[in-house]
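**Q** Below is the file target_29.txt, which contains compact mmCIF, C-alpha atoms.
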# COMPACT_ATOMS: atom_id res chain seq x y z
CA MET A 1 -90.81 -86.62 -45.68
CA SER A 2 -89.59 -89.37 -43.35
CA PHE A 3 -86.39 -87.37 -42.75
CA SER A 4 -88.46 -84.33 -41.67
CA CYS A 5 -90.52 -86.46 -39.29
CA GLY A 6 -87.34 -87.83 -37.73
CA CYS A 7 -86.03 -84.34 -37.16
CA CYS A 8 -89.29 -83.30 -35.54
CA ARG A 9 -89.19 -86.26 -33.19
CA ILE A 10 -85.58 -85.52 -32.17
CA LEU A 11 -85.70 -81.74 -31.94
CA GLY A 12 -89.22 -81.42 -30.64
CA PRO A 13 -88.50 -82.47 -27.01
CA VAL A 14 -85.43 -80.23 -26.98
CA LEU A 15 -86.84 -77.08 -28.53
CA PHE A 16 -90.49 -77.19 -27.53
CA GLU A 17 -90.41 -78.33 -23.87
CA TYR A 18 -90.22 -76.24 -20.72
CA ASP A 19 -89.54 -77.56 -17.19
CA THR A 20 -90.86 -75.71 -14.16
CA PRO A 21 -90.30 -76.72 -10.52
CA ARG A 22 -93.20 -78.37 -8.76
CA ILE A 23 -93.58 -78.23 -4.99
CA VAL A 24 -94.62 -81.52 -3.38
CA SER A 25 -95.12 -81.64 0.38
CA ILE A 26 -94.18 -85.14 1.60
CA LYS A 27 -95.43 -86.10 5.06
CA SER A 28 -92.56 -88.41 6.05
CA ARG A 29 -90.72 -88.37 9.35
CA LYS A 30 -87.69 -90.07 7.85
CA VAL A 31 -87.32 -87.68 4.91
CA GLY A 32 -88.16 -84.65 7.04
CA LEU A 33 -85.55 -85.62 9.64
CA ILE A 34 -82.87 -86.11 6.97
CA ASN A 35 -83.73 -82.74 5.45
CA ARG A 36 -83.46 -80.93 8.79
CA LEU A 37 -80.21 -82.70 9.75
CA VAL A 38 -78.57 -81.74 6.45
CA GLN A 39 -79.74 -78.16 6.82
CA LEU A 40 -78.48 -78.09 10.40
CA GLY A 41 -75.10 -79.43 9.31
CA ILE A 42 -74.81 -76.77 6.60
CA LEU A 43 -75.75 -74.02 9.06
CA ALA A 44 -73.21 -75.33 11.57
CA TYR A 45 -70.52 -75.29 8.87
CA VAL A 46 -71.36 -71.77 7.70
CA ILE A 47 -71.72 -70.27 11.17
CA GLY A 48 -69.16 -72.30 13.10
CA TRP A 49 -66.39 -72.84 10.57
CA VAL A 50 -66.75 -70.03 8.01
CA PHE A 51 -67.77 -67.15 10.29
CA VAL A 52 -66.55 -68.05 13.79
CA TRP A 53 -63.37 -70.06 13.15
CA GLN A 54 -62.25 -68.66 9.78
CA LYS A 55 -63.71 -65.19 10.44
CA GLY A 56 -65.36 -65.07 7.04
CA TYR A 57 -66.77 -61.64 7.80
CA GLN A 58 -63.28 -60.07 7.77
CA GLN A 59 -60.82 -58.82 5.19
CA PHE A 60 -57.20 -59.94 5.84
CA ASP A 61 -53.72 -58.53 5.33
CA SER A 62 -50.22 -60.02 5.75
CA VAL A 63 -47.62 -58.52 8.06
CA ILE A 64 -44.70 -56.34 6.95
CA SER A 65 -41.88 -56.38 9.48
CA SER A 66 -38.46 -55.03 10.42
CA VAL A 67 -36.15 -56.50 13.07
CA THR A 68 -33.11 -55.13 14.91
CA THR A 69 -31.14 -56.90 17.63
CA LYS A 70 -28.71 -55.94 20.39
CA VAL A 71 -26.71 -58.58 22.28
CA LYS A 72 -25.16 -57.96 25.70
CA GLY A 73 -22.82 -60.02 27.85
CA VAL A 74 -19.19 -60.44 28.90
CA ALA A 75 -17.20 -63.68 29.17
CA VAL A 76 -13.72 -64.49 30.45
CA THR A 77 -11.44 -67.31 29.27
CA ASN A 78 -8.12 -68.61 30.59
CA THR A 79 -6.18 -70.91 28.25
CA THR A 80 -2.56 -72.03 28.08
CA ASP A 81 -2.19 -70.60 24.55
CA HIS A 82 -3.74 -67.17 25.08
CA GLY A 83 -3.89 -66.66 28.85
CA VAL A 84 -6.68 -64.64 30.45
CA LYS A 85 -8.90 -62.85 27.93
CA ILE A 86 -12.07 -60.82 28.27
CA TRP A 87 -14.66 -61.18 25.51
CA ASP A 88 -17.31 -58.52 24.99
CA VAL A 89 -19.90 -57.83 22.28
CA ALA A 90 -17.36 -56.44 19.82
CA ASP A 91 -15.41 -59.72 20.01
CA TYR A 92 -18.10 -62.39 19.67
CA ILE A 93 -20.84 -60.75 17.53
CA ILE A 94 -19.80 -61.22 13.89
CA PRO A 95 -20.73 -59.16 11.93
CA PRO A 96 -22.00 -56.38 14.21
CA GLN A 97 -25.39 -56.25 12.41
CA GLU A 98 -27.25 -58.60 10.06
CA GLU A 99 -30.70 -58.49 8.52
CA THR A 100 -33.17 -60.37 10.79
CA SER A 101 -30.38 -62.51 12.30
CA PHE A 102 -27.29 -62.39 14.52
CA PHE A 103 -24.33 -64.68 15.12
CA VAL A 104 -22.81 -65.37 18.54
CA MET A 105 -19.34 -66.97 18.55
CA THR A 106 -19.11 -69.71 21.17
CA ASN A 107 -15.92 -71.55 20.17
CA LEU A 108 -12.90 -70.84 17.98
CA ILE A 109 -9.53 -71.91 16.62
CA MET A 110 -7.11 -68.96 16.65
CA THR A 111 -3.89 -68.82 14.62
CA LEU A 112 -1.71 -65.87 15.68
CA ASN A 113 0.90 -63.84 13.81
CA GLN A 114 0.38 -65.17 10.31
CA GLN A 115 2.49 -63.64 7.54
CA GLN A 116 2.75 -64.43 3.84
CA GLY A 117 5.68 -66.76 3.18
CA ARG A 118 6.75 -70.37 2.62
CA CYS A 119 5.90 -73.22 4.96
CA PRO A 120 5.24 -76.99 4.79
CA GLU A 121 1.69 -78.10 4.06
CA MET A 122 -0.24 -79.68 6.94
CA PRO A 123 0.03 -83.53 6.86
CA GLU A 124 -3.77 -83.90 7.07
CA ASP A 125 -4.33 -81.69 4.01
CA SER A 126 -1.65 -83.05 1.63
CA PRO A 127 -0.11 -86.43 0.75
CA HIS A 128 3.34 -87.06 2.16
CA CYS A 129 6.26 -86.57 -0.22
CA ILE A 130 9.68 -88.20 -0.53
CA SER A 131 11.44 -85.86 -2.91
CA ASP A 132 10.87 -82.65 -4.88
CA SER A 133 9.64 -84.74 -7.80
CA ASN A 134 6.48 -85.45 -5.80
CA CYS A 135 5.61 -81.74 -5.67
CA THR A 136 4.55 -79.64 -8.67
CA ALA A 137 5.28 -75.93 -8.63
CA GLY A 138 2.12 -73.83 -9.01
CA GLU A 139 -0.26 -76.69 -8.21
CA GLN A 140 -3.17 -76.17 -5.85
CA SER A 141 -5.75 -78.66 -4.57
CA PRO A 142 -9.13 -77.84 -3.00
CA ARG A 143 -7.85 -78.99 0.40
CA SER A 144 -4.53 -77.16 0.13
CA ASN A 145 -3.72 -74.08 2.19
CA GLY A 146 -1.58 -72.47 -0.51
CA ILE A 147 0.30 -72.80 -3.82
CA GLN A 148 3.02 -75.47 -4.07
CA THR A 149 6.59 -74.26 -4.66
CA GLY A 150 7.86 -77.60 -5.99
CA LYS A 151 9.95 -78.45 -2.91
CA CYS A 152 9.53 -81.34 -0.45
CA VAL A 153 10.37 -80.20 3.10
CA PRO A 154 10.03 -81.68 6.62
CA VAL A 155 6.91 -80.69 8.56
CA ASN A 156 9.07 -79.73 11.54
CA SER A 157 12.47 -80.50 13.00
CA SER A 158 11.17 -83.21 15.33
CA THR A 159 9.58 -85.48 12.72
CA ALA A 160 10.64 -87.33 9.60
CA VAL A 161 7.34 -86.61 7.85
CA HIS A 162 7.75 -84.51 4.69
CA THR A 163 5.10 -82.55 2.80
CA CYS A 164 5.16 -80.16 -0.12
CA GLU A 165 6.13 -76.59 0.63
CA VAL A 166 3.48 -73.95 -0.15
CA LEU A 167 3.23 -70.21 -0.55
CA ALA A 168 0.61 -69.24 2.05
CA TRP A 169 -0.17 -67.35 5.23
CA CYS A 170 2.27 -68.99 7.65
CA PRO A 171 2.12 -70.63 10.14
CA LEU A 172 -0.79 -72.63 8.76
CA GLU A 173 -3.95 -73.16 10.76
CA ASN A 174 -4.04 -76.37 12.80
CA ASP A 175 -7.69 -77.33 12.26
CA VAL A 176 -8.15 -79.60 15.29
CA ASP A 177 -11.25 -81.57 16.25
CA LEU A 178 -13.15 -79.67 18.94
CA SER A 179 -16.00 -82.12 19.41
CA HIS A 180 -14.49 -83.70 22.52
CA HIS A 181 -13.79 -80.43 24.37
CA PRO A 182 -16.14 -77.93 26.02
CA ALA A 183 -16.85 -74.67 24.22
CA LEU A 184 -14.38 -71.87 24.90
CA LEU A 185 -17.13 -69.25 25.39
CA LYS A 186 -19.44 -71.49 27.39
CA ASP A 187 -20.57 -68.42 29.39
CA ALA A 188 -22.43 -67.23 26.28
CA GLU A 189 -25.41 -69.16 27.68
CA GLN A 190 -26.01 -66.19 29.99
CA PHE A 191 -25.82 -63.53 27.26
CA THR A 192 -29.04 -61.66 26.47
CA VAL A 193 -30.46 -60.21 23.27
CA LEU A 194 -32.94 -57.37 22.88
CA ILE A 195 -35.14 -57.95 19.83
CA LYS A 196 -36.95 -54.88 18.51
CA ASN A 197 -39.66 -55.80 16.04
CA ASN A 198 -41.84 -53.24 14.24
CA ILE A 199 -44.79 -54.51 12.21
CA ARG A 200 -47.29 -52.91 9.84
CA TYR A 201 -50.49 -53.98 8.11
CA PRO A 202 -50.67 -51.54 5.16
CA LYS A 203 -54.23 -52.42 4.15
CA PHE A 204 -55.51 -51.22 7.53
CA ASN A 205 -52.80 -48.58 8.15
CA PHE A 206 -52.02 -50.33 11.45
CA THR A 207 -48.57 -50.31 13.08
CA LYS A 208 -47.22 -51.73 16.31
CA ARG A 209 -43.99 -52.96 17.90
CA ASN A 210 -43.12 -55.73 20.33
CA ILE A 211 -42.10 -53.21 23.01
CA LEU A 212 -45.69 -52.83 24.17
CA PRO A 213 -47.16 -49.60 25.58
CA HIS A 214 -47.12 -50.82 29.20
CA ILE A 215 -43.34 -51.54 29.06
CA ASN A 216 -41.34 -48.63 30.51
CA GLY A 217 -37.60 -48.01 30.69
CA SER A 218 -37.09 -49.29 34.22
CA TYR A 219 -38.90 -52.53 33.49
CA LEU A 220 -36.94 -53.04 30.27
CA LYS A 221 -33.62 -52.72 32.13
CA GLN A 222 -34.32 -55.60 34.48
CA CYS A 223 -36.75 -57.97 32.69
CA VAL A 224 -35.87 -61.22 30.91
CA PHE A 225 -38.40 -63.17 28.85
CA ASN A 226 -40.22 -65.84 30.81
CA ARG A 227 -43.27 -67.53 29.35
CA THR A 228 -45.03 -67.47 32.74
CA THR A 229 -43.89 -64.33 34.55
CA ASP A 230 -42.67 -62.02 31.75
CA PRO A 231 -44.25 -63.15 28.44
CA ASP A 232 -44.10 -59.62 26.94
CA CYS A 233 -40.45 -58.86 27.70
CA PRO A 234 -38.43 -58.48 24.43
CA ILE A 235 -35.11 -59.42 26.11
CA PHE A 236 -34.17 -63.11 25.81
CA ARG A 237 -31.44 -65.14 27.47
CA LEU A 238 -29.65 -67.21 24.82
CA GLY A 239 -29.62 -70.30 27.02
CA ASP A 240 -33.41 -70.05 27.49
CA ILE A 241 -33.95 -69.82 23.72
CA VAL A 242 -31.96 -73.00 23.10
CA ARG A 243 -33.55 -74.77 26.05
CA GLU A 244 -37.11 -73.99 24.90
CA ALA A 245 -36.20 -75.48 21.52
CA GLY A 246 -35.36 -78.75 23.29
CA GLU A 247 -31.58 -78.47 22.84
CA ASP A 248 -28.56 -78.33 25.16
CA PHE A 249 -26.70 -75.01 24.88
CA GLN A 250 -23.29 -76.39 25.93
CA GLU A 251 -23.57 -79.18 23.38
CA ILE A 252 -24.56 -76.96 20.46
CA ALA A 253 -21.96 -74.32 21.44
CA VAL A 254 -19.03 -76.67 20.70
CA GLU A 255 -19.52 -76.89 16.92
CA GLY A 256 -22.31 -74.38 16.39
CA GLY A 257 -25.79 -74.52 14.93
CA VAL A 258 -28.73 -72.45 13.70
CA MET A 259 -31.68 -71.50 15.91
CA GLY A 260 -34.97 -69.94 14.88
CA ILE A 261 -36.81 -67.25 16.86
CA GLN A 262 -40.37 -67.14 15.54
CA ILE A 263 -42.57 -64.09 16.24
CA LYS A 264 -46.22 -64.55 15.35
CA TRP A 265 -48.59 -61.58 15.02
CA ASP A 266 -52.21 -62.67 14.58
CA CYS A 267 -54.43 -59.65 15.21
CA ASP A 268 -58.22 -59.23 15.23
CA LEU A 269 -58.58 -55.50 14.61
CA ASP A 270 -62.31 -55.64 15.42
CA GLN A 271 -61.23 -56.08 19.04
CA SER A 272 -59.05 -53.89 21.25
CA VAL A 273 -55.55 -53.25 19.86
CA SER A 274 -54.17 -54.21 23.30
CA LYS A 275 -54.97 -57.83 22.40
CA CYS A 276 -52.66 -57.63 19.35
CA VAL A 277 -49.47 -58.95 20.97
CA PRO A 278 -46.58 -61.08 19.65
CA GLN A 279 -46.27 -64.78 20.39
CA TYR A 280 -42.72 -66.18 20.65
CA THR A 281 -41.63 -69.71 19.82
CA PHE A 282 -38.17 -71.23 19.33
CA ARG A 283 -36.79 -74.17 17.36
CA ARG A 284 -33.54 -75.50 15.92
CA LEU A 285 -33.28 -74.99 12.15
CA ASP A 286 -30.16 -76.91 11.11
CA ASN A 287 -30.49 -80.64 10.62
CA LYS A 288 -29.27 -82.56 13.67
CA ASP A 289 -28.79 -86.21 12.78
CA VAL A 290 -26.94 -88.44 15.25
CA GLN A 291 -26.50 -91.04 12.49
CA ASN A 292 -24.81 -88.57 10.14
CA THR A 293 -22.08 -86.47 11.74
CA VAL A 294 -20.43 -85.26 8.52
CA ALA A 295 -19.85 -81.46 8.48
CA PRO A 296 -21.81 -80.74 11.66
CA GLY A 297 -22.61 -77.37 13.16
CA TYR A 298 -21.96 -73.87 11.84
CA ASN A 299 -18.57 -72.19 11.37
CA PHE A 300 -16.65 -69.78 9.16
CA ARG A 301 -13.27 -68.03 9.07
CA PHE A 302 -12.31 -64.38 9.31
CA ALA A 303 -9.08 -62.49 9.96
CA LYS A 304 -7.93 -59.41 11.85
CA TYR A 305 -5.11 -57.61 10.01
CA TYR A 306 -2.36 -55.45 11.47
CA LYS A 307 1.19 -54.29 10.79
CA GLY A 308 3.85 -56.38 12.50
CA PRO A 309 7.53 -55.57 13.16
CA GLY A 310 9.08 -53.87 10.17
CA GLU A 311 5.64 -52.85 8.87
CA VAL A 312 5.07 -56.40 7.61
CA GLU A 313 1.43 -57.19 7.00
CA SER A 314 0.26 -59.73 9.55
CA ARG A 315 -3.01 -61.19 10.65
CA THR A 316 -4.75 -63.29 13.26
CA LEU A 317 -6.88 -66.00 11.65
CA ILE A 318 -9.97 -67.11 13.53
CA LYS A 319 -12.13 -70.08 12.70
CA ALA A 320 -15.33 -69.16 14.50
CA TYR A 321 -17.89 -71.69 15.70
CA GLY A 322 -21.16 -70.40 17.04
CA ILE A 323 -24.92 -70.16 16.95
CA ARG A 324 -26.75 -68.13 14.33
CA PHE A 325 -30.15 -66.93 15.46
CA ASP A 326 -32.65 -66.24 12.66
CA VAL A 327 -35.61 -64.04 13.62
CA MET A 328 -38.68 -64.95 11.55
CA VAL A 329 -41.80 -62.78 11.72
CA PHE A 330 -45.14 -63.88 10.29
CA GLY A 331 -48.84 -63.35 10.87
CA LYS A 332 -52.02 -61.74 9.56
CA ALA A 333 -54.63 -59.22 10.65
CA GLY A 334 -58.37 -59.21 10.00
CA LYS A 335 -61.04 -56.52 10.09
CA PHE A 336 -64.76 -56.49 9.30
CA ASP A 337 -65.67 -55.86 5.67
CA ILE A 338 -69.12 -56.06 4.10
CA ILE A 339 -67.96 -57.64 0.83
CA PRO A 340 -66.59 -60.96 2.20
CA THR A 341 -69.48 -61.03 4.65
CA MET A 342 -72.12 -60.90 1.87
CA ILE A 343 -70.18 -63.36 -0.29
CA ASN A 344 -70.04 -65.95 2.49
CA ILE A 345 -73.70 -65.43 3.42
CA GLY A 346 -74.68 -65.96 -0.23
CA SER A 347 -72.53 -69.08 -0.42
CA GLY A 348 -74.15 -70.42 2.73
CA LEU A 349 -77.67 -69.87 1.39
CA ALA A 350 -76.70 -71.61 -1.84
CA LEU A 351 -75.38 -74.58 0.13
CA LEU A 352 -78.81 -75.03 1.74
CA GLY A 353 -79.99 -76.24 -1.64
CA VAL A 354 -77.85 -79.35 -1.09
CA ALA A 355 -80.43 -80.54 1.44
CA THR A 356 -83.19 -80.46 -1.19
CA VAL A 357 -81.06 -82.29 -3.75
CA LEU A 358 -80.10 -85.01 -1.24
CA CYS A 359 -83.69 -85.54 -0.11
CA ASP A 360 -84.88 -85.74 -3.76
CA VAL A 361 -82.34 -88.50 -4.41
CA ILE A 362 -83.53 -90.43 -1.36
CA VAL A 363 -87.24 -90.01 -2.13
CA LEU A 364 -87.08 -90.68 -5.88
CA HIS A 365 -84.45 -93.43 -5.98
CA ILE A 366 -84.04 -95.13 -2.59
CA LEU A 367 -87.35 -95.32 -0.67
CA LYS A 368 -89.73 -98.22 -1.33
CA LYS A 369 -92.45 -95.83 -2.54
CA LYS A 370 -90.09 -94.12 -4.98
CA THR A 371 -92.41 -94.82 -7.96
CA PHE A 372 -95.36 -93.29 -6.17
CA TYR A 373 -93.35 -90.20 -5.18
CA ARG A 374 -91.96 -89.89 -8.70
CA GLU A 375 -95.48 -89.78 -10.12
CA LYS A 376 -96.37 -87.01 -7.69
CA LYS A 377 -93.14 -85.15 -8.37
CA TYR A 378 -93.28 -85.09 -12.16
CA LYS A 379 -96.30 -84.26 -14.32
CA TYR A 380 -96.18 -84.24 -18.13
CA VAL A 381 -98.43 -81.79 -20.00
CA GLU A 382 -98.67 -81.95 -23.81
CA ASP A 383 -99.63 -79.13 -26.14
CA TYR A 384 -102.25 -80.97 -28.26
CA ASP A 385 -102.74 -78.01 -30.57
CA LEU A 386 -99.07 -78.16 -31.54
CA VAL A 387 -99.31 -81.88 -32.24
CA GLY A 388 -102.48 -81.52 -34.30
CA ASN A 389 -101.02 -78.80 -36.50
CA SER A 390 -98.07 -80.91 -37.65
CA PRO A 391 -99.42 -82.80 -40.72
CA ALA A 392 -95.93 -83.52 -42.00
CA CYS A 393 -95.42 -85.97 -39.12
CA GLU A 394 -98.87 -87.70 -39.30
CA THR A 395 -99.00 -91.37 -40.08
CA PRO A 396 -100.71 -92.03 -43.47
Starting from the coordinates I provided, produce the structure as structure tokens.
**A**
Amino acid sequence: MSFSCGCCRILGPVLFEYDTPRIVSIKSRKVGLINRLVQLGILAYVIGWVFVWQKGYQQFDSVISSVTTKVKGVAVTNTTDHGVKIWDVADYIIPPQEETSFFVMTNLIMTLNQQQGRCPEMPEDSPHCISDSNCTAGEQSPRSNGIQTGKCVPVNSSTAVHTCEVLAWCPLENDVDLSHHPALLKDAEQFTVLIKNNIRYPKFNFTKRNILPHINGSYLKQCVFNRTTDPDCPIFRLGDIVREAGEDFQEIAVEGGVMGIQIKWDCDLDQSVSKCVPQYTFRRLDNKDVQNTVAPGYNFRFAKYYKGPGEVESRTLIKAYGIRFDVMVFGKAGKFDIIPTMINIGSGLALLGVATVLCDVIVLHILKKKTFYREKKYKYVEDYDLVGNSPACETP
């Protein structure tokens, strides 16, 4: 019996009670002001941030893009080793086309008339030797230019320095330090590049390109991008790109580097499509650290092959230094859609309930008259018939 009474006392309030909201109108300037301020703040957030700033009434899509580039410019060099030489696009753009990037050679080390044969290893790339016993036939090190033959030979007739002989493309490249000399193709600063960018937002079936409708052929032939006078021109001077990124073109041209061309497409398709235009920014991408000069810049090697006298395979080896330009396209488009609009309106209305919760906390737990307000807020009504019909829980 006592066990049944205990169960009734525990389960009764849980199973046989019902709570219903009670509206209490409190005439208090302080509480009323807090309530209105909280509601005003919520409305400002929903209207200002969600709908105006974040455009919560729109559906969004990310950009899909394709990029092609065309570089133009001619440079002339006059050196003691190679004499007068004209450089055009076919000489300094390597390779001719890349995906969303292009490389412009600005400096180089050229080794002419290489043929496969035997020659002494460069002193900087191999330890000096005294006799053939210091050289192992067939051995190769990561810094070596070829495979050792097992012989110790003089580097040249005018020095007593000996190194191991190697099977390689001879003569070997003399990889000199270029950091203290101006770039060979310093005129590349005046080269220009035409960037053609086509974008698409598939969700809205919207397409556009950075050659805008008002740009005609005659304008395109003579314009160069200028943020003030020609902000829509898709032709950029390489020196201007580097300069806007806060770098010195002649300095970066010596050992090379990586530059970023950023094209941002943020389009509000509820407005005129003429306002959907690209925004260009530029920055250097490779890490430039004056405290750490190990392996600076950007370079690679390539060769041009040909048949020499006697149909002997020969080549010209070029170690190319230059600037790689990466074109990065990003952005989003928005257009009105009823679904996100209704979702955000519903969320805003739900947030207004925060004002009621906050004011209840202040009234019932913080104000001096909290006990009085609590008595007005809550009223307990008992079902006396239910209590009277429970003889199992009556006290004997």
**Q** Of the residues A:Ile343, A:Val176, A:Ala44, A:Val31, which is the one nearest to Ile366 in chain A, using all atoms listed in the file?
**A** A:Val31
**Q** Between A:Asn205, A:Arg374, A:Thr68, A:Tyr280, which has the minimum distance to Asp230 in chain A (counting all atoms listed in the file)?
**A**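 Using all atoms listed in the file, Asp230 in chain A sits closest to A:Tyr280.
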**Q** Could you work out how far CA of Gly246 in chain A lies from CA of Arg284 in chain A, giving the answer in Å with one decimal?
**A**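 A separation of 8.3 Å between them.
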**Q** May I have the residues at most 9 Å from (-19.5, -62.6, 25.1) in the file's coordinates, counting all atoms listed in the file, as a list in words?
**A**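 It turns out the residues near that spot are Val71, Lys72, Gly73, Val74, Ala75, Val76, Ile86, Trp87, Asp88, Val89, Ala90, Asp91, Tyr92, Ile93, Val104, Met105, Thr106, Leu185, Asp187, Ala188, Gln190 and Phe191 of chain A.
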**Q** Which residue out of A:Leu364, A:Tyr378, A:Glu124, A:Gly353 has the minimum interatomic distance to Ile42 in chain A when only C-alpha atoms are used?
**A**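 Smallest distance to Ile42 in chain A is found for A:Gly353.
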**Q** Calculated over all atoms listed in the file, which of the candidates A:Pro234, A:Gly32, A:Pro96, A:Pro154 has the smallest distance to Lys196 in chain A?
**A**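 Checking each of A:Pro234, A:Gly32, A:Pro96, A:Pro154 against Lys196 in chain A, counting all atoms listed in the file, the winner is A:Pro234.
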**Q** Pull range 22-38 of chain A out of the block and emit N, CA, C and O atoms, as a compact mmCIF listing (two decimals), in the first residue's frame.
**A**
# COMPACT_ATOMS: atom_id res chain seq x y z
N ARG A 22 0.00 31.93 -19.36
CA ARG A 22 -0.88 32.93 -18.75
C ARG A 22 -0.34 34.31 -19.09
O ARG A 22 0.85 34.58 -18.91
N ILE A 23 -1.16 35.16 -19.62
CA ILE A 23 -0.75 36.50 -20.02
C ILE A 23 -0.92 37.45 -18.85
O ILE A 23 -2.02 37.60 -18.31
N VAL A 24 0.20 38.09 -18.47
CA VAL A 24 0.20 39.08 -17.39
C VAL A 24 0.72 40.38 -17.94
O VAL A 24 1.84 40.44 -18.46
N SER A 25 -0.06 41.42 -17.90
CA SER A 25 0.36 42.73 -18.38
C SER A 25 0.99 43.50 -17.23
O SER A 25 0.32 43.84 -16.24
N ILE A 26 2.30 43.77 -17.33
CA ILE A 26 3.05 44.44 -16.27
C ILE A 26 3.28 45.88 -16.68
O ILE A 26 3.91 46.16 -17.71
N LYS A 27 2.78 46.81 -15.88
CA LYS A 27 2.95 48.23 -16.14
C LYS A 27 4.26 48.69 -15.51
O LYS A 27 4.30 49.17 -14.37
N SER A 28 5.36 48.50 -16.27
CA SER A 28 6.68 48.87 -15.76
C SER A 28 7.48 49.49 -16.90
O SER A 28 7.66 48.87 -17.95
N ARG A 29 7.94 50.73 -16.69
CA ARG A 29 8.71 51.39 -17.72
C ARG A 29 10.03 50.66 -17.99
O ARG A 29 10.48 50.53 -19.12
N LYS A 30 10.65 50.19 -16.91
CA LYS A 30 11.94 49.54 -17.04
C LYS A 30 11.81 48.24 -17.86
O LYS A 30 12.54 48.01 -18.82
N VAL A 31 10.85 47.40 -17.48
CA VAL A 31 10.67 46.13 -18.18
C VAL A 31 10.18 46.37 -19.61
O VAL A 31 10.63 45.71 -20.56
N GLY A 32 9.26 47.32 -19.77
CA GLY A 32 8.76 47.62 -21.11
C GLY A 32 9.86 48.13 -22.03
O GLY A 32 9.93 47.76 -23.21
N LEU A 33 10.75 48.98 -21.48
CA LEU A 33 11.85 49.51 -22.30
C LEU A 33 12.81 48.40 -22.71
O LEU A 33 13.25 48.34 -23.87
N ILE A 34 13.13 47.50 -21.76
CA ILE A 34 14.02 46.38 -22.08
C ILE A 34 13.40 45.50 -23.17
O ILE A 34 14.08 45.07 -24.11
N ASN A 35 12.11 45.24 -23.04
CA ASN A 35 11.41 44.41 -24.02
C ASN A 35 11.48 45.02 -25.41
O ASN A 35 11.79 44.34 -26.40
N ARG A 36 11.21 46.34 -25.50
CA ARG A 36 11.23 46.99 -26.81
C ARG A 36 12.64 47.06 -27.39
O ARG A 36 12.84 46.91 -28.60
N LEU A 37 13.65 47.29 -26.54
CA LEU A 37 15.03 47.36 -27.03
C LEU A 37 15.49 46.02 -27.58
O LEU A 37 16.15 45.95 -28.61
N VAL A 38 15.12 44.93 -26.87
CA VAL A 38 15.50 43.61 -27.37
C VAL A 38 14.80 43.31 -28.68
O VAL A 38 15.41 42.80 -29.63
